[in-house]
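Report on one structure; see the data block that follows.
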Amino acid sequence: MVQGALGFAAGIFLLQVQSELPPFGLSLIAPILLLLLWRFHGYRLILSLAIGFLWALWMANGALPGHALSLIEGEEIVVEGAVDSLPEDNGRRLRFGFQVEQILNVDYSGSLPLRVRLSWYAGYPNIDVGERWRLKVKLKRAHGFSNPGGFDYEGWLYRKGIRATGYVRDWEENRRIDNGGVLHAIDRWRSGLRKRVTDHLGDNPGSAMLVALTIGERGGFERRDWQVFSRTGTNHLVAISGLHIGIVAGLLFFIGNRLWRISIRGMKLMPAHQAAAIFAFTGALVYAALAGFAIPTQRALLMLAVILAALLMRRPVGGIRALLYALVAVLLFDPLAVLSAGFWLSFAAVGAIFLALAGRVGRTGYLQGMVRVQLYITALLSPLLFLWSMGVSLLAPLINLVAVPLFSFLLVPLSMVTVLLADLYYPAGALLLDMTGSLLGGVYRLLELLAGTTGFFHPAPAAPPMLWSVALVGVLLLLAPVGMLARLPAAVLVAIPFFWSTSPLSEGEVRFTLLDVGQGMSAVLETRHHRLVYDAGPRFSESFDAGSAVLVPYLQHIGVKGIDRVILSNGDLDHAGGYAALAGAFPIRSLLIGDRDPQRCQAGTDWQWDGVRFRILHPDNPSDWHGNNSSCVLLVEAGGHRLLLTGDIEGAGERSLVERYPGQLGADLVTIPHHGSLTSSGELFVDSVAPRYAIASVGYRNRYGFPRPEVRARWHAAGAEILTTAESGAITFILGRKGGLGGPRRHRMESRRYWHWSP
């Protein structure tokens, strides 16, 4: 059983890390392998691995969108379909999932229904889940930023079955077709519960926590709220997951078992523990339905079903065996689960509890047992959290020692009763809403206070996934009941990732990484002992910017502790929008801005770090330059190689540079000015730079069409290879390295998985 389950899981994981899917015909040999597995037990591990691989291949081929979707990208299409998720309204835009059932104005050869994610800006109507609408929309294939240490948005969309994103166009014929049928009755009930809570409590953390704990909707939390939960190790408590399903099932099992024993007729019908199992699963099923059957609740239900089914059939199984049965059940139902951090964390947490409680002789006090469990969970989950580029809170064991019982025995049951009572009889429920909202708000404020305690939160150190896997093995050995001789090597395995560092730079070398931040710019330059950030990326909304989503995670990924200098080429939001997040995450020793006093860039500013020379070439007289032409232009020279960072300069700024530095602008690499607009990249400037590589930081299918075809043609005519972040993701070069220019390394190609968009 152990070999078969682990082999099956390993085979599924092996398929999910492929950059391209193998031929679909391979999956047809799976039945033959099943017969071989039945016959040849000695090869169970290998055969199970192959079956898992082929099962995941079969499921993946049915999930990919196909080529037809690319043919309608950017086109205005009229669609009919159903709203299939609770809309998220942030006051500026409405966002919702939509099942496209028909495309009315173009021929579409792809399969339908097609699940998409739509945004509706300005003047959007009230929309509810389950309603069917006719809409004019623009779609594009699922596409996200691609950066080291960054969030895989494309993978997140793929796991949710979303194959395209887009927005609703202004059209007088956009209209509701009908209110939907019974299929979405539960979702409409959930929507009504959310509205009742938010209308009564308003927009505050207590309200958001109550909605999250009862119907699983977390759209009410802001970015800073998630930082609070992350820094206190309580993320799992505010999202309906295995813990919450287990809480409800455990309470109902206890209550059902006690009540059933009172009934003589009931005891004659079936044993109390079997009746309690039915009560427990029914309650968990209702709770999962209330949470919209989100993927984490589906996993938890399957795990619970395995354990309770064994109890009903009077064939109880041991803890580890039950865990393995649940593992196989989850992966049969959802092979994509292995791509989710929640999958690994859930199973690891349950495994840690088994390890903490296994083989204990004699009675152990409740507090001692809880402390042991929390320490084991923290130890086992830490390598996994680091593997997924998440931080670890050293306060988490202490906080969860109090928070888990508090949520289990008070907050979750109270929240459920509050919301259901408010729905059944609002006058009585209103008072309870106020009380529960205040209580949850108080819990949040306490967590916020604890999150502000410095020195207890550690971001993920920079180390490859393989090293964190090695560390996980070391933790397992340390926690397992093994002899002292095995513990020393185990400790070494745990320590390995903490001594790893990125490829060391020699004196006179600089590593340049242009990050993929969409329609904006952010670059990081590293010498042997110094770090420079050129631009901080765009701000897209009040709650989302490239600084927190891309730049800070990347710097944490490469192990940066502080920044020696930040240069904001100009103060526009597409270049400086992420600066606040950057300044909040790292100490910054020096700041220069292209168009802001008193830290203005000034031509002639010159410095050296570790044998690498940095020179500001523009603006020469800052008070004479305004707008894009006041951008700070930086020249970097390392070992005979040159990099020119140009910001948003336009024609006038380019001509000034050519006049002031005749014959001195030649560079190996240049960032294309102003993202490749027609107002920049004049022929004289392009010919003066004549680079090997011209790089544009642009958004995928951006509305400006940058870099424009005419601009591409000019740089190409000058002999440059043109790279864009939209196509390549983050782009890295090393200047000054012996043997020539190092690079380009294109993250989208190097980290590609089969579900990623490919240029």
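So you can find residues: chains in the structure tokens are A, B, ... in the order shown, residues in each start at 1, and ligands are numbered from 1 in order.
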Next item on the list: Would you kindly return, as number ranges by chain, each protein, DNA or RNA residue with an atom no farther than 7 Å from any atom of stretch 586-589 of chain A, considering only C-alpha atoms and excluding same-chain residues fewer than 2 positions away?
Entry: A: 561-565, 582-584
Excluding stretch 89-103 of chain A and its own-chain neighbours fewer than 3 positions away, which residues fall within 6 Å of it when counting only C-alpha atoms? Please give them as a PDB file with C-alpha atoms, in the first residue's frame.
ATOM      1  CA  VAL A  78     -20.402  38.676 -27.930  1.00  0.00           C
ATOM      2  CA  VAL A  79     -20.843  35.809 -25.501  1.00  0.00           C
ATOM      3  CA  GLU A  80     -23.654  34.195 -23.569  1.00  0.00           C
ATOM      4  CA  GLY A  81     -23.110  32.295 -20.376  1.00  0.00           C
ATOM      5  CA  ALA A  82     -23.493  32.117 -16.619  1.00  0.00           C
ATOM      6  CA  VAL A  83     -21.804  33.885 -13.714  1.00  0.00           C
ATOM      7  CA  ASP A  84     -20.218  31.005 -11.770  1.00  0.00           C
ATOM      8  CA  SER A  85     -18.528  32.703  -8.805  1.00  0.00           C
ATOM      9  CA  LEU A 112     -17.352  25.067 -24.889  1.00  0.00           C
ATOM     10  CA  PRO A 113     -18.224  25.873 -22.160  1.00  0.00           C
ATOM     11  CA  LEU A 114     -15.083  27.924 -21.582  1.00  0.00           C
ATOM     12  CA  ARG A 115     -14.413  29.283 -18.108  1.00  0.00           C
ATOM     13  CA  VAL A 116     -13.043  32.846 -18.056  1.00  0.00           C
ATOM     14  CA  ARG A 117     -12.440  35.558 -15.467  1.00  0.00           C
ATOM     15  CA  LEU A 118     -14.017  38.908 -16.329  1.00  0.00           C
ATOM     16  CA  SER A 119     -13.685  42.430 -14.961  1.00  0.00           C
ATOM     17  CA  TRP A 120     -16.342  45.103 -15.461  1.00  0.00           C
ATOM     18  CA  TYR A 121     -15.242  48.703 -15.001  1.00  0.00           C
TER      19      TYR A 121
END
Next item on the list: Within 10 Å of A:Leu381, counting only C-alpha atoms, which residues show up once you throw out same-chain ones fewer than 5 positions away? Write them as JSON, numbers by chain, please.
Entry: {"A": [344, 345, 346, 347, 348, 349, 352, 375, 376, 386, 387, 392, 472, 475]}
Margin query: With DSSP run on the backbone, what are the helix (DSSP H, G or I) residues within stretch 146-356 of chain A? I'd like them as a VMD selection string.
Written below: chain A and resid 153 to 159 182 to 201 205 to 215 223 to 232 235 to 238 242 to 262 264 to 269 272 to 290 295 to 312 319 to 333 335 to 339 341 to 356
Checklist line | Contact residues around A:Asp535 with only C-alpha atoms at 12 Å, ignoring same-chain residues under 3 positions, as number ranges by chain | finding: A: 513-515, 517, 520-525, 532, 538-539, 546-547, 551, 565-580, 582, 591-594, 631-634, 645-648, 697
Would you list the contacts of A:His184 as a compact mmCIF listing (two decimals) with N, CA, C and O atoms, in the first residue's frame, taking every protein, DNA or RNA residue within 12 Å and counting only C-alpha atoms, but skipping same-chain residues closer than 3 positions in sequence?
# COMPACT_ATOMS: atom_id res chain seq x y z
N ALA A 82 -23.02 31.98 -18.00
CA ALA A 82 -23.49 32.12 -16.62
C ALA A 82 -22.37 32.59 -15.71
O ALA A 82 -21.22 32.18 -15.84
N VAL A 83 -22.73 33.47 -14.77
CA VAL A 83 -21.80 33.88 -13.71
C VAL A 83 -21.64 32.70 -12.76
O VAL A 83 -22.63 32.18 -12.22
N ASP A 84 -20.40 32.23 -12.56
CA ASP A 84 -20.22 31.01 -11.77
C ASP A 84 -19.38 31.20 -10.51
O ASP A 84 -18.89 30.23 -9.93
N SER A 85 -19.19 32.45 -10.09
CA SER A 85 -18.53 32.70 -8.80
C SER A 85 -19.12 33.95 -8.17
O SER A 85 -19.74 34.77 -8.87
N LEU A 86 -18.95 34.10 -6.87
CA LEU A 86 -19.44 35.30 -6.20
C LEU A 86 -18.65 36.51 -6.70
O LEU A 86 -17.42 36.52 -6.63
N ASP A 128 -25.29 38.80 -9.84
CA ASP A 128 -25.25 37.76 -8.81
C ASP A 128 -24.85 36.44 -9.45
O ASP A 128 -25.05 36.21 -10.65
N VAL A 129 -24.30 35.57 -8.63
CA VAL A 129 -23.87 34.27 -9.10
C VAL A 129 -25.07 33.47 -9.61
O VAL A 129 -26.17 33.55 -9.07
N GLY A 130 -24.85 32.73 -10.69
CA GLY A 130 -25.91 31.92 -11.28
C GLY A 130 -26.66 32.60 -12.40
O GLY A 130 -27.29 31.93 -13.23
N GLU A 131 -26.62 33.93 -12.46
CA GLU A 131 -27.33 34.66 -13.51
C GLU A 131 -26.68 34.40 -14.87
O GLU A 131 -25.47 34.24 -14.98
N ARG A 132 -27.52 34.38 -15.91
CA ARG A 132 -27.03 34.24 -17.26
C ARG A 132 -27.09 35.60 -17.95
O ARG A 132 -28.07 36.32 -17.84
N ASN A 179 -32.25 34.66 -14.44
CA ASN A 179 -31.66 34.62 -13.10
C ASN A 179 -31.01 33.29 -12.76
O ASN A 179 -30.53 33.10 -11.64
N GLY A 180 -30.98 32.36 -13.69
CA GLY A 180 -30.34 31.08 -13.44
C GLY A 180 -31.29 30.09 -12.79
O GLY A 180 -32.34 30.44 -12.27
N GLY A 181 -30.87 28.84 -12.80
CA GLY A 181 -31.72 27.78 -12.26
C GLY A 181 -31.26 27.33 -10.89
O GLY A 181 -30.55 28.02 -10.16
N ASP A 187 -24.96 28.77 -4.24
CA ASP A 187 -24.11 29.95 -4.42
C ASP A 187 -24.90 31.24 -4.19
O ASP A 187 -24.37 32.21 -3.64
N ARG A 188 -26.16 31.26 -4.63
CA ARG A 188 -26.97 32.46 -4.38
C ARG A 188 -27.25 32.63 -2.89
O ARG A 188 -27.30 33.76 -2.38
N TRP A 189 -27.42 31.51 -2.21
CA TRP A 189 -27.58 31.58 -0.75
C TRP A 189 -26.32 32.14 -0.11
O TRP A 189 -26.38 33.01 0.76
N ARG A 190 -25.16 31.68 -0.55
CA ARG A 190 -23.89 32.18 -0.04
C ARG A 190 -23.76 33.69 -0.31
O ARG A 190 -23.29 34.45 0.54
N SER A 191 -24.16 34.09 -1.50
CA SER A 191 -24.10 35.51 -1.86
C SER A 191 -24.98 36.34 -0.94
O SER A 191 -24.59 37.44 -0.49
N ALA A 289 -20.33 22.87 1.33
CA ALA A 289 -21.25 23.50 0.38
C ALA A 289 -21.36 24.99 0.66
O ALA A 289 -21.40 25.82 -0.25
N LEU A 290 -21.40 25.36 1.94
CA LEU A 290 -21.46 26.76 2.32
C LEU A 290 -20.22 27.50 1.85
O LEU A 290 -20.27 28.69 1.51
N GLY A 292 -18.77 26.86 -0.87
CA GLY A 292 -18.74 26.80 -2.32
C GLY A 292 -17.95 25.64 -2.88
O GLY A 292 -17.54 25.67 -4.04
Next item on the list: Taking the chain letters and numbering used in this document, name the residues of stretch 115-268 of chain A that DSSP puts in strand (DSSP E), as a list in words.
Entry: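 Written out, the strand (DSSP E) residues of stretch 115-268 of chain A are Arg115, Val116, Arg117, Leu118, Ser119, Trp120, Tyr121, Arg132, Trp133, Arg134, Leu135, Lys136, Val137, Lys138, Leu139, Lys140, Arg141, Ala164, Thr165, Gly166, Tyr167, Val168, Arg175, Arg176, Ile177 and Asp178 of chain A.
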Checklist line | Straight-line distance linking atom CA of A:Phe281 with atom CA of A:Val330, stated in Å to one decimal | finding: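 Calculated distance between atom CA of A:Phe281 and atom CA of A:Val330 is 16.5 Å.
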Next item on the list: Name all residues at most 10 Å from A:Ser656 (count only C-alpha atoms; drop same-chain ones fewer than 5 positions away) and give them as a list in words.
Entry: His618, Pro619, Asp620, Asn629, Gly651, Tyr661 and Phe685 of chain A
Check: Hey, can you check how far atom CA of A:Thr527 sits from atom CA of A:Ile731?
Finding: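 About the pair atom CA of A:Thr527 and atom CA of A:Ile731: they are 16.8 Å apart.
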Please report, as CSV, each residue of stretch 241-276 of chain A lying at most 8 Å from stretch 295-303 of chain A, together with the nearest pair of atoms and the separation in Å rounded to one decimal; use only C-alpha atoms, and order rows by chain and ascending residue number.
residue,atom,partner,partner_atom,distance
A:Ser241,CA,A:Pro296,CA,5.3
A:Gly242,CA,A:Ala300,CA,4.7
A:Ile245,CA,A:Ala300,CA,6.5
A:Gly246,CA,A:Ala300,CA,7.8
Item checked: Residues near A:Thr232, cut-off 9 Å, only C-alpha atoms, skip fewer than 6 positions along chain, as an NGL selection string -> :A and (392-396 or 399-400 or 447-448 or 450-451 or 456-457)
Hey, which bits of stretch 413-528 of chain A sit within 9 Å of stretch 214-217 of chain A, and for each residue what's the closest pair of atoms and how far apart in Å (one decimal), counting only C-alpha atoms, rows by chain and increasing number, as a tab-separated table?
residue	atom	partner	partner_atom	distance
A:Ser415	CA	A:Thr214	CA	6.5
A:Met416	CA	A:Thr214	CA	5.9
A:Val419	CA	A:Thr214	CA	7.4
